[in-house]
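To start, the structure itself, in structure tokens.
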Amino acid sequence: MIHISNPRQSKRKINLRVIRVIKWCLITVFMLIILGFAAGVGVFVYYAKDAPKLEESKLQSKPSSVIYDKEGQILVDLGIEKRELADTKDIPLELVDAITSIEDHRFFQHRGVDPVRIISSVIHNTQNDSMQGGSTLTQQLIKLSFFSTKAKDATIKRKAQEAWMAVNLERQNTKEEIITYYINKTYLGNGYYGMLTAAKSYFGKDLKSLDLAQIALLAGMPQAPNSYDPYAHPKAAKERRDMVLRAMYRYQKISKKQMVQALAEPINDGLQAPPSTKAVPSYLDNYIKQVIIEVENKTGLDVNKAGLKIYTPLDNAAQQRLWDIFNTDQYVAFPDDLFQVASTIVDVNSGAVIAQLGGRKLPTDVTFGLNQAVQTNRDWGSTMKPPTDYAPAFEYGVYKSTGDIIGDTWYVYPDGGNTPVYDWDRQYQGNITVRKAVWGSRNIPAVKTLAAVGLDKSQAFLEGLGIDYPNMQYSNAISSYNNGDGNQWGASSEKMAAAYAAFSAGGIYTKPYYVNKIVDAEGKETLMKPERTRAMKASTAYVITDILKGVITNGTMTNGVIPGLNQAGKTGTSNYDDNLYDQALANIDGPYDGSSLAPDENFVGYTPKYSMAVWSGYDNRMTPVWGAKLYLALDVYREMMTYLASTTDNPDWPMPDGVQKVGNELTITN
């Protein structure tokens, strides 16, 4: 019997299977959505529970941070006439409309977080090259008050906590209070915090006296205050202002006629001239920059916002004298305004940086520019010999006496190659004492000494003095050259002053510091304890000091003599290789006298009270230091140390146990 199938039944079965598949797909999709939502809620709750406490004091703008010198006198008020708070009653409605139109047009409808805005920003970001944020004004206020504003810190955890805190803030504060906090909290460039401060600084008006175009400019600046600076970037500032005006029209806050009139107003209409004086005096600029960096690195606080009292060890009179030596003709005869000097002075007993300058004849309209005193991109030459070669040699027993003999004879770097080591005069002195090798700044004995100590031991010793290399080489016996990326590698005037201070302090190294104490806006006091360690035995420090004392009268430092002052020190000259020497020779700026050409000339010297490191040279390394310029680093040291010596007593270093004098030489007995 032949069975004939029913086409309608077959089609019905197929449809049922398709419906089942669709049904299970939909169920699966909905389950995944539910699971994803549940996971998202779980992650949100997990992060939100650790959110910072919502403190009213942090929402309120802080007073300016003040920095003091060692005597407790004010050096800098970082907010002088730059932070004026507006009361809610003094904020015009037009400003509120401008801010909400460009930043959060649903501000008065949402309760801290705006799902509509988040979805809108996601759709926009998937369809456009430009990025649009989903944060409400309330969330932005939370970020400004409690979190870092750096893009790299915008993590999922931070966003979750920000949203949770924004919702809670809306529960306990009114919209008027929130937007007032925001108006007073925002930064608007040029050191101006708060929109009332900016209105008075940019236009010489209070908020209620601003016209519509000026209000729109201020409302648009917080997103990128430096980029929308009307002085530095007028075109970008106008584009942002006009964007605000169009947003106000789009959300029906102004009429088309008002928008057109405001769009036609020049960006500089009513704009006052930029301030002619710096908030930070030029002579303090480099030092204050390091103070701010240290505070932020050690505490995580933003000095511009935290309302701190910062107490430093700066000797204000010494800082002013150093600036005068650098920038006037009264003390040192500099050849031209392009010749540069950088120096750091450290208190030997405390390790504190008491004065520092990173350059001379620097632009007066730049705040917190490059500070060459902490840069490690220049070579400290033979000043590296005491900490790299001779101090570890005495520390580890390679030498026992300053009278030990070492050969100044033909020698190649002991790295397996065939590169010879040359002394500065391309001559050899034969067998000489360690003392005379240092006095004469002989290169061959220095490299031989490092080879006897060993790279590993020398590097460990240097690390104890705050100097490190990514890959130490035998050439570092006579040079601080390194191929590392960043100032953590190599030497700077800051590092060298601190390293030599350890010789003066009997072998105790203190990491250089710029801050003694911080008092926060709530009155909490935090002492910034210096990091101190024993870097070498007292006997090692004393022997090195005794050798370096003789450099003044018997070596390369004779124009550094300060009558009656107990001092020690070492010169250092870097060199051009053969490929660059002729190029540097072509760049000399006068009749050539046949003297050495150097990219860098340095000096590090110290007394029982102070340690001072000086770098000199040109920003362009191929402009050589030569002739009389080779003595300028030492001249700067002599003039500054003469001043410092007049402010304190003049003891000598006491001989410690474990050192014995035999004739004119010292022997370590322990």
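Residue numbering restarts at 1 for every chain of the structure tokens, chains are lettered A, B, ... in their displayed order, and ligands are numbered from 1 as they appear.
These are the residues of stretch 378-544 of chain A assigned strand (DSSP E or B) by DSSP from backbone coordinates: A:Ser401, A:Ile405, A:Ile406, A:Gly407, A:Asp408, A:Val412, A:Pro420, A:Gly430, A:Asn431, A:Ile432, A:Thr433, A:Asp468, A:Gly490, A:Ile508, A:Tyr509, A:Thr510, A:Tyr513, A:Lys517, A:Ile518, A:Val519, A:Glu525, A:Thr526, A:Leu527, A:Arg532, A:Thr533, A:Arg534.
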Worksheet item: Got a sec: who's within 12 Å of A:Leu644, counting only C-alpha atoms, leaving out chain neighbours fewer than 4 positions off, as a PyMOL selection string?
Response: chain A and resi 315+317-319+321-322+345-347+354-355+562+565+606-612+637-640+648-650
Discussion item. Could you pull out the helix (DSSP H, G or I) residues of stretch 213-402 of chain A, going by DSSP on the backbone, and write them as a PyMOL selection string?
Written reply: chain A and resi 213-223+234-250+256-263+282-299+316-327+372-374+381-395
Write out the residues from the selection above, keeping C-alpha atoms, as a PDB file, in the first residue's frame.
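So result.pdb came out as:
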```pdb
ATOM      1  CA  ALA A 213      28.671  85.604  24.835  1.00  0.00           C
ATOM      2  CA  GLN A 214      30.934  85.957  27.874  1.00  0.00           C
ATOM      3  CA  ILE A 215      28.707  83.634  29.917  1.00  0.00           C
ATOM      4  CA  ALA A 216      28.848  81.057  27.129  1.00  0.00           C
ATOM      5  CA  LEU A 217      32.657  81.242  27.040  1.00  0.00           C
ATOM      6  CA  LEU A 218      32.950  80.508  30.770  1.00  0.00           C
ATOM      7  CA  ALA A 219      30.320  77.748  30.625  1.00  0.00           C
ATOM      8  CA  GLY A 220      32.248  75.930  27.906  1.00  0.00           C
ATOM      9  CA  MET A 221      35.758  76.181  29.359  1.00  0.00           C
ATOM     10  CA  PRO A 222      35.721  73.531  32.155  1.00  0.00           C
ATOM     11  CA  GLN A 223      35.833  70.666  29.636  1.00  0.00           C
ATOM     12  CA  PRO A 234      41.180  82.316  20.636  1.00  0.00           C
ATOM     13  CA  LYS A 235      39.942  80.300  17.646  1.00  0.00           C
ATOM     14  CA  ALA A 236      39.266  77.169  19.711  1.00  0.00           C
ATOM     15  CA  ALA A 237      37.748  79.298  22.480  1.00  0.00           C
ATOM     16  CA  LYS A 238      35.300  80.889  20.021  1.00  0.00           C
ATOM     17  CA  GLU A 239      34.327  77.517  18.543  1.00  0.00           C
ATOM     18  CA  ARG A 240      33.563  76.185  22.019  1.00  0.00           C
ATOM     19  CA  ARG A 241      31.670  79.350  23.009  1.00  0.00           C
ATOM     20  CA  ASP A 242      29.568  79.150  19.834  1.00  0.00           C
ATOM     21  CA  MET A 243      28.828  75.485  20.562  1.00  0.00           C
ATOM     22  CA  VAL A 244      27.409  76.532  23.930  1.00  0.00           C
ATOM     23  CA  LEU A 245      25.269  79.242  22.343  1.00  0.00           C
ATOM     24  CA  ARG A 246      23.825  76.821  19.772  1.00  0.00           C
ATOM     25  CA  ALA A 247      23.062  74.328  22.539  1.00  0.00           C
ATOM     26  CA  MET A 248      21.228  77.052  24.476  1.00  0.00           C
ATOM     27  CA  TYR A 249      19.130  77.814  21.409  1.00  0.00           C
ATOM     28  CA  ARG A 250      18.489  74.122  20.720  1.00  0.00           C
ATOM     29  CA  LYS A 256      17.472  82.847  17.650  1.00  0.00           C
ATOM     30  CA  LYS A 257      18.066  86.605  17.669  1.00  0.00           C
ATOM     31  CA  GLN A 258      20.014  86.370  20.947  1.00  0.00           C
ATOM     32  CA  MET A 259      22.094  83.501  19.566  1.00  0.00           C
ATOM     33  CA  VAL A 260      22.950  85.318  16.339  1.00  0.00           C
ATOM     34  CA  GLN A 261      23.959  88.488  18.186  1.00  0.00           C
ATOM     35  CA  ALA A 262      26.170  86.565  20.625  1.00  0.00           C
ATOM     36  CA  LEU A 263      27.757  84.492  17.833  1.00  0.00           C
ATOM     37  CA  SER A 282      60.928  83.724  38.737  1.00  0.00           C
ATOM     38  CA  TYR A 283      63.615  83.064  41.338  1.00  0.00           C
ATOM     39  CA  LEU A 284      61.328  80.506  43.057  1.00  0.00           C
ATOM     40  CA  ASP A 285      59.823  78.884  39.974  1.00  0.00           C
ATOM     41  CA  ASN A 286      62.023  75.777  39.766  1.00  0.00           C
ATOM     42  CA  TYR A 287      61.952  75.109  43.496  1.00  0.00           C
ATOM     43  CA  ILE A 288      58.178  75.492  43.885  1.00  0.00           C
ATOM     44  CA  LYS A 289      57.674  73.134  40.951  1.00  0.00           C
ATOM     45  CA  GLN A 290      59.616  70.424  42.828  1.00  0.00           C
ATOM     46  CA  VAL A 291      57.629  71.135  46.012  1.00  0.00           C
ATOM     47  CA  ILE A 292      54.349  70.562  44.173  1.00  0.00           C
ATOM     48  CA  ILE A 293      55.648  67.375  42.523  1.00  0.00           C
ATOM     49  CA  GLU A 294      56.832  65.991  45.878  1.00  0.00           C
ATOM     50  CA  VAL A 295      53.525  66.726  47.623  1.00  0.00           C
ATOM     51  CA  GLU A 296      51.477  65.132  44.870  1.00  0.00           C
ATOM     52  CA  ASN A 297      53.762  62.077  44.589  1.00  0.00           C
ATOM     53  CA  LYS A 298      53.827  61.416  48.335  1.00  0.00           C
ATOM     54  CA  THR A 299      50.220  62.269  49.211  1.00  0.00           C
ATOM     55  CA  ASN A 316      64.913  82.144  50.865  1.00  0.00           C
ATOM     56  CA  ALA A 317      67.952  84.416  51.153  1.00  0.00           C
ATOM     57  CA  ALA A 318      70.211  81.708  49.695  1.00  0.00           C
ATOM     58  CA  GLN A 319      67.745  81.119  46.862  1.00  0.00           C
ATOM     59  CA  GLN A 320      67.737  84.816  46.019  1.00  0.00           C
ATOM     60  CA  ARG A 321      71.538  84.957  46.108  1.00  0.00           C
ATOM     61  CA  LEU A 322      71.785  81.947  43.798  1.00  0.00           C
ATOM     62  CA  TRP A 323      69.392  83.653  41.372  1.00  0.00           C
ATOM     63  CA  ASP A 324      71.488  86.822  41.482  1.00  0.00           C
ATOM     64  CA  ILE A 325      74.675  84.862  40.753  1.00  0.00           C
ATOM     65  CA  PHE A 326      72.982  83.210  37.772  1.00  0.00           C
ATOM     66  CA  ASN A 327      71.256  86.259  36.324  1.00  0.00           C
ATOM     67  CA  GLN A 372      67.534  71.311  34.389  1.00  0.00           C
ATOM     68  CA  ALA A 373      68.664  70.888  38.008  1.00  0.00           C
ATOM     69  CA  VAL A 374      66.748  67.594  38.220  1.00  0.00           C
ATOM     70  CA  GLY A 381      82.090  63.479  33.754  1.00  0.00           C
ATOM     71  CA  SER A 382      84.804  63.008  36.374  1.00  0.00           C
ATOM     72  CA  THR A 383      82.585  64.070  39.270  1.00  0.00           C
ATOM     73  CA  MET A 384      81.395  60.453  39.045  1.00  0.00           C
ATOM     74  CA  LYS A 385      84.817  59.079  40.021  1.00  0.00           C
ATOM     75  CA  PRO A 386      84.537  59.446  43.828  1.00  0.00           C
ATOM     76  CA  PRO A 387      81.110  57.756  44.220  1.00  0.00           C
ATOM     77  CA  THR A 388      81.540  55.226  41.392  1.00  0.00           C
ATOM     78  CA  ASP A 389      85.186  54.142  41.717  1.00  0.00           C
ATOM     79  CA  TYR A 390      87.140  55.259  44.746  1.00  0.00           C
ATOM     80  CA  ALA A 391      84.548  55.244  47.540  1.00  0.00           C
ATOM     81  CA  PRO A 392      83.467  51.637  46.827  1.00  0.00           C
ATOM     82  CA  ALA A 393      87.129  50.671  46.446  1.00  0.00           C
ATOM     83  CA  PHE A 394      87.832  51.813  50.025  1.00  0.00           C
ATOM     84  CA  GLU A 395      84.488  50.460  51.237  1.00  0.00           C
TER      85      GLU A 395
END
```
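The two atoms in question, atom CA of A:Pro335 and atom CA of A:Leu630, are spaced 11.3 Å apart.
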Fill in: All residues 8 Å or closer to stretch 451-468 of chain A, only C-alpha atoms, same chain fewer than 2 positions away omitted, as an NGL selection string
:A and (387-389 or 392-393 or 396 or 398 or 414 or 447-449 or 470 or 472-474 or 488-491 or 495 or 498-499 or 502 or 509 or 511 or 533-535)
I need the chosen residues saved as a PDB file, in the first residue's frame, with N, CA and C atoms.
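result01.pdb, written as the output of this step:
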```pdb
ATOM      1  N   PRO A 387      82.143  58.701  43.796  1.00  0.00           N
ATOM      2  CA  PRO A 387      81.110  57.756  44.220  1.00  0.00           C
ATOM      3  C   PRO A 387      81.112  56.442  43.461  1.00  0.00           C
ATOM      4  N   THR A 388      81.609  56.437  42.222  1.00  0.00           N
ATOM      5  CA  THR A 388      81.540  55.226  41.392  1.00  0.00           C
ATOM      6  C   THR A 388      82.748  54.328  41.585  1.00  0.00           C
ATOM      7  N   ASP A 389      83.941  54.908  41.726  1.00  0.00           N
ATOM      8  CA  ASP A 389      85.186  54.142  41.717  1.00  0.00           C
ATOM      9  C   ASP A 389      85.858  54.075  43.093  1.00  0.00           C
ATOM     10  N   PRO A 392      83.675  53.087  46.662  1.00  0.00           N
ATOM     11  CA  PRO A 392      83.467  51.637  46.827  1.00  0.00           C
ATOM     12  C   PRO A 392      84.774  50.854  46.941  1.00  0.00           C
ATOM     13  N   ALA A 393      85.845  51.371  46.328  1.00  0.00           N
ATOM     14  CA  ALA A 393      87.129  50.671  46.446  1.00  0.00           C
ATOM     15  C   ALA A 393      87.611  50.672  47.896  1.00  0.00           C
ATOM     16  N   TYR A 396      85.059  48.402  50.065  1.00  0.00           N
ATOM     17  CA  TYR A 396      85.148  46.947  49.910  1.00  0.00           C
ATOM     18  C   TYR A 396      86.575  46.409  50.022  1.00  0.00           C
ATOM     19  N   VAL A 398      89.397  47.157  48.383  1.00  0.00           N
ATOM     20  CA  VAL A 398      90.312  47.152  47.233  1.00  0.00           C
ATOM     21  C   VAL A 398      91.520  48.029  47.549  1.00  0.00           C
ATOM     22  N   PRO A 414      87.927  47.003  30.113  1.00  0.00           N
ATOM     23  CA  PRO A 414      87.906  45.554  30.359  1.00  0.00           C
ATOM     24  C   PRO A 414      86.552  44.899  30.040  1.00  0.00           C
ATOM     25  N   VAL A 447      89.190  53.867  35.770  1.00  0.00           N
ATOM     26  CA  VAL A 447      88.586  52.687  35.145  1.00  0.00           C
ATOM     27  C   VAL A 447      89.185  51.415  35.737  1.00  0.00           C
ATOM     28  N   LYS A 448      90.493  51.415  35.992  1.00  0.00           N
ATOM     29  CA  LYS A 448      91.122  50.257  36.629  1.00  0.00           C
ATOM     30  C   LYS A 448      90.519  49.999  38.013  1.00  0.00           C
ATOM     31  N   THR A 449      90.239  51.082  38.728  1.00  0.00           N
ATOM     32  CA  THR A 449      89.654  50.936  40.064  1.00  0.00           C
ATOM     33  C   THR A 449      88.260  50.325  39.980  1.00  0.00           C
ATOM     34  N   PRO A 470      70.380  51.830  34.102  1.00  0.00           N
ATOM     35  CA  PRO A 470      69.665  50.654  33.599  1.00  0.00           C
ATOM     36  C   PRO A 470      70.620  49.539  33.190  1.00  0.00           C
ATOM     37  N   MET A 472      74.768  49.399  33.721  1.00  0.00           N
ATOM     38  CA  MET A 472      76.034  50.058  34.024  1.00  0.00           C
ATOM     39  C   MET A 472      77.167  49.484  33.181  1.00  0.00           C
ATOM     40  N   GLN A 473      78.065  50.364  32.734  1.00  0.00           N
ATOM     41  CA  GLN A 473      79.193  49.973  31.899  1.00  0.00           C
ATOM     42  C   GLN A 473      80.493  50.498  32.516  1.00  0.00           C
ATOM     43  N   TYR A 474      81.627  49.978  32.024  1.00  0.00           N
ATOM     44  CA  TYR A 474      82.913  50.431  32.557  1.00  0.00           C
ATOM     45  C   TYR A 474      83.173  51.902  32.239  1.00  0.00           C
ATOM     46  N   GLN A 488      64.990  58.803  36.506  1.00  0.00           N
ATOM     47  CA  GLN A 488      65.388  57.861  37.562  1.00  0.00           C
ATOM     48  C   GLN A 488      66.770  57.276  37.275  1.00  0.00           C
ATOM     49  N   TRP A 489      67.244  57.419  36.044  1.00  0.00           N
ATOM     50  CA  TRP A 489      68.560  56.892  35.668  1.00  0.00           C
ATOM     51  C   TRP A 489      69.570  58.023  35.582  1.00  0.00           C
ATOM     52  N   GLY A 490      70.826  57.728  35.924  1.00  0.00           N
ATOM     53  CA  GLY A 490      71.896  58.688  35.736  1.00  0.00           C
ATOM     54  C   GLY A 490      71.976  59.727  36.838  1.00  0.00           C
ATOM     55  N   ALA A 491      72.606  60.869  36.515  1.00  0.00           N
ATOM     56  CA  ALA A 491      72.928  61.883  37.523  1.00  0.00           C
ATOM     57  C   ALA A 491      72.342  63.231  37.144  1.00  0.00           C
ATOM     58  N   LYS A 495      70.854  64.939  42.412  1.00  0.00           N
ATOM     59  CA  LYS A 495      71.400  63.652  42.852  1.00  0.00           C
ATOM     60  C   LYS A 495      72.856  63.777  43.287  1.00  0.00           C
ATOM     61  N   ALA A 498      73.261  65.458  46.721  1.00  0.00           N
ATOM     62  CA  ALA A 498      72.880  64.544  47.800  1.00  0.00           C
ATOM     63  C   ALA A 498      73.918  63.436  47.993  1.00  0.00           C
ATOM     64  N   ALA A 499      74.480  62.938  46.893  1.00  0.00           N
ATOM     65  CA  ALA A 499      75.489  61.879  46.996  1.00  0.00           C
ATOM     66  C   ALA A 499      76.739  62.382  47.705  1.00  0.00           C
ATOM     67  N   ALA A 502      76.587  62.808  51.451  1.00  0.00           N
ATOM     68  CA  ALA A 502      76.838  61.607  52.256  1.00  0.00           C
ATOM     69  C   ALA A 502      78.307  61.500  52.652  1.00  0.00           C
ATOM     70  N   TYR A 509      73.407  58.761  53.924  1.00  0.00           N
ATOM     71  CA  TYR A 509      72.750  59.326  52.750  1.00  0.00           C
ATOM     72  C   TYR A 509      71.306  59.664  53.092  1.00  0.00           C
ATOM     73  N   LYS A 511      67.839  60.988  51.130  1.00  0.00           N
ATOM     74  CA  LYS A 511      67.195  61.301  49.850  1.00  0.00           C
ATOM     75  C   LYS A 511      66.780  62.763  49.863  1.00  0.00           C
ATOM     76  N   THR A 533      69.658  56.536  55.211  1.00  0.00           N
ATOM     77  CA  THR A 533      70.290  55.218  55.296  1.00  0.00           C
ATOM     78  C   THR A 533      71.803  55.399  55.385  1.00  0.00           C
ATOM     79  N   ARG A 534      72.495  54.374  55.904  1.00  0.00           N
ATOM     80  CA  ARG A 534      73.959  54.402  55.893  1.00  0.00           C
ATOM     81  C   ARG A 534      74.424  53.860  54.555  1.00  0.00           C
ATOM     82  N   ALA A 535      75.066  54.705  53.782  1.00  0.00           N
ATOM     83  CA  ALA A 535      75.512  54.333  52.443  1.00  0.00           C
ATOM     84  C   ALA A 535      76.925  53.775  52.438  1.00  0.00           C
TER      85      ALA A 535
END
```
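Using only C-alpha atoms, the protein and nucleic acid residues lying no more than 9 Å from A:Asp90, apart from those fewer than 5 places from it along its own chain, are Asp206, Leu207 and Lys208 of chain A.
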Quick one: write out the picked residues with N, CA and C atoms as a short mmCIF file (atom, residue, chain, number, x, y, z; two decimals), in the first residue's frame?
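Saved result, out.cif, follows:
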```cif
data_model
loop_
_atom_site.label_atom_id
_atom_site.label_comp_id
_atom_site.auth_asym_id
_atom_site.auth_seq_id
_atom_site.Cartn_x
_atom_site.Cartn_y
_atom_site.Cartn_z
N ASP A 206 31.55 90.94 37.70
CA ASP A 206 30.99 89.82 38.44
C ASP A 206 30.08 89.04 37.50
N LEU A 207 29.56 87.91 37.96
CA LEU A 207 28.81 87.02 37.08
C LEU A 207 27.57 87.68 36.50
N LYS A 208 26.88 88.47 37.30
CA LYS A 208 25.63 89.08 36.83
C LYS A 208 25.85 90.17 35.79
#
```
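Relative to atom CA of A:Ile67, atom CA of A:Val515 is found at 9.5 Å.
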Which residues come within 10 Å of A:Ala333, counting only C-alpha atoms, excluding same-chain residues fewer than 6 positions away, as a PDB file with all heavy atoms, in the first residue's frame?
```pdb
ATOM      1  N   ILE A 325      73.421  85.351  41.345  1.00  0.00           N
ATOM      2  CA  ILE A 325      74.675  84.862  40.753  1.00  0.00           C
ATOM      3  C   ILE A 325      74.433  84.394  39.325  1.00  0.00           C
ATOM      4  O   ILE A 325      75.237  84.648  38.419  1.00  0.00           O
ATOM      5  CB  ILE A 325      75.258  83.718  41.617  1.00  0.00           C
ATOM      6  CG1 ILE A 325      75.745  84.277  42.964  1.00  0.00           C
ATOM      7  CG2 ILE A 325      76.395  83.013  40.890  1.00  0.00           C
ATOM      8  CD1 ILE A 325      76.147  83.205  43.962  1.00  0.00           C
ATOM      9  N   PHE A 326      73.311  83.721  39.102  1.00  0.00           N
ATOM     10  CA  PHE A 326      72.982  83.210  37.772  1.00  0.00           C
ATOM     11  C   PHE A 326      72.646  84.331  36.787  1.00  0.00           C
ATOM     12  O   PHE A 326      72.999  84.249  35.603  1.00  0.00           O
ATOM     13  CB  PHE A 326      71.774  82.271  37.856  1.00  0.00           C
ATOM     14  CG  PHE A 326      72.090  80.845  38.213  1.00  0.00           C
ATOM     15  CD1 PHE A 326      73.123  80.527  39.077  1.00  0.00           C
ATOM     16  CD2 PHE A 326      71.329  79.801  37.705  1.00  0.00           C
ATOM     17  CE1 PHE A 326      73.403  79.224  39.422  1.00  0.00           C
ATOM     18  CE2 PHE A 326      71.593  78.490  38.038  1.00  0.00           C
ATOM     19  CZ  PHE A 326      72.628  78.196  38.889  1.00  0.00           C
ATOM     20  N   ALA A 628      87.807  80.025  28.813  1.00  0.00           N
ATOM     21  CA  ALA A 628      87.437  80.523  30.134  1.00  0.00           C
ATOM     22  C   ALA A 628      86.098  79.964  30.613  1.00  0.00           C
ATOM     23  O   ALA A 628      85.822  79.934  31.816  1.00  0.00           O
ATOM     24  CB  ALA A 628      87.381  82.049  30.111  1.00  0.00           C
ATOM     25  N   LYS A 629      85.262  79.490  29.684  1.00  0.00           N
ATOM     26  CA  LYS A 629      83.959  78.943  30.062  1.00  0.00           C
ATOM     27  C   LYS A 629      84.097  77.660  30.889  1.00  0.00           C
ATOM     28  O   LYS A 629      83.179  77.290  31.619  1.00  0.00           O
ATOM     29  CB  LYS A 629      83.128  78.648  28.808  1.00  0.00           C
ATOM     30  CG  LYS A 629      82.841  79.859  27.948  1.00  0.00           C
ATOM     31  CD  LYS A 629      82.104  79.453  26.668  1.00  0.00           C
ATOM     32  CE  LYS A 629      81.990  80.624  25.704  1.00  0.00           C
ATOM     33  NZ  LYS A 629      81.319  80.224  24.440  1.00  0.00           N
ATOM     34  N   LEU A 632      83.547  78.316  34.678  1.00  0.00           N
ATOM     35  CA  LEU A 632      82.374  79.029  35.168  1.00  0.00           C
ATOM     36  C   LEU A 632      81.581  78.230  36.201  1.00  0.00           C
ATOM     37  O   LEU A 632      81.031  78.815  37.145  1.00  0.00           O
ATOM     38  CB  LEU A 632      81.467  79.416  33.993  1.00  0.00           C
ATOM     39  CG  LEU A 632      82.074  80.458  33.046  1.00  0.00           C
ATOM     40  CD1 LEU A 632      81.142  80.712  31.868  1.00  0.00           C
ATOM     41  CD2 LEU A 632      82.354  81.762  33.780  1.00  0.00           C
ATOM     42  N   ASP A 635      83.309  78.824  39.298  1.00  0.00           N
ATOM     43  CA  ASP A 635      83.105  80.209  39.734  1.00  0.00           C
ATOM     44  C   ASP A 635      81.758  80.360  40.441  1.00  0.00           C
ATOM     45  O   ASP A 635      81.652  81.056  41.465  1.00  0.00           O
ATOM     46  CB  ASP A 635      83.163  81.160  38.540  1.00  0.00           C
ATOM     47  CG  ASP A 635      84.575  81.311  37.965  1.00  0.00           C
ATOM     48  OD1 ASP A 635      85.541  80.941  38.665  1.00  0.00           O
ATOM     49  OD2 ASP A 635      84.697  81.774  36.815  1.00  0.00           O
ATOM     50  N   VAL A 636      80.736  79.735  39.891  1.00  0.00           N
ATOM     51  CA  VAL A 636      79.403  79.792  40.511  1.00  0.00           C
ATOM     52  C   VAL A 636      79.455  79.173  41.903  1.00  0.00           C
ATOM     53  O   VAL A 636      78.928  79.724  42.874  1.00  0.00           O
ATOM     54  CB  VAL A 636      78.360  79.075  39.630  1.00  0.00           C
ATOM     55  CG1 VAL A 636      77.048  78.888  40.391  1.00  0.00           C
ATOM     56  CG2 VAL A 636      78.116  79.847  38.339  1.00  0.00           C
TER      57      VAL A 636
END
```
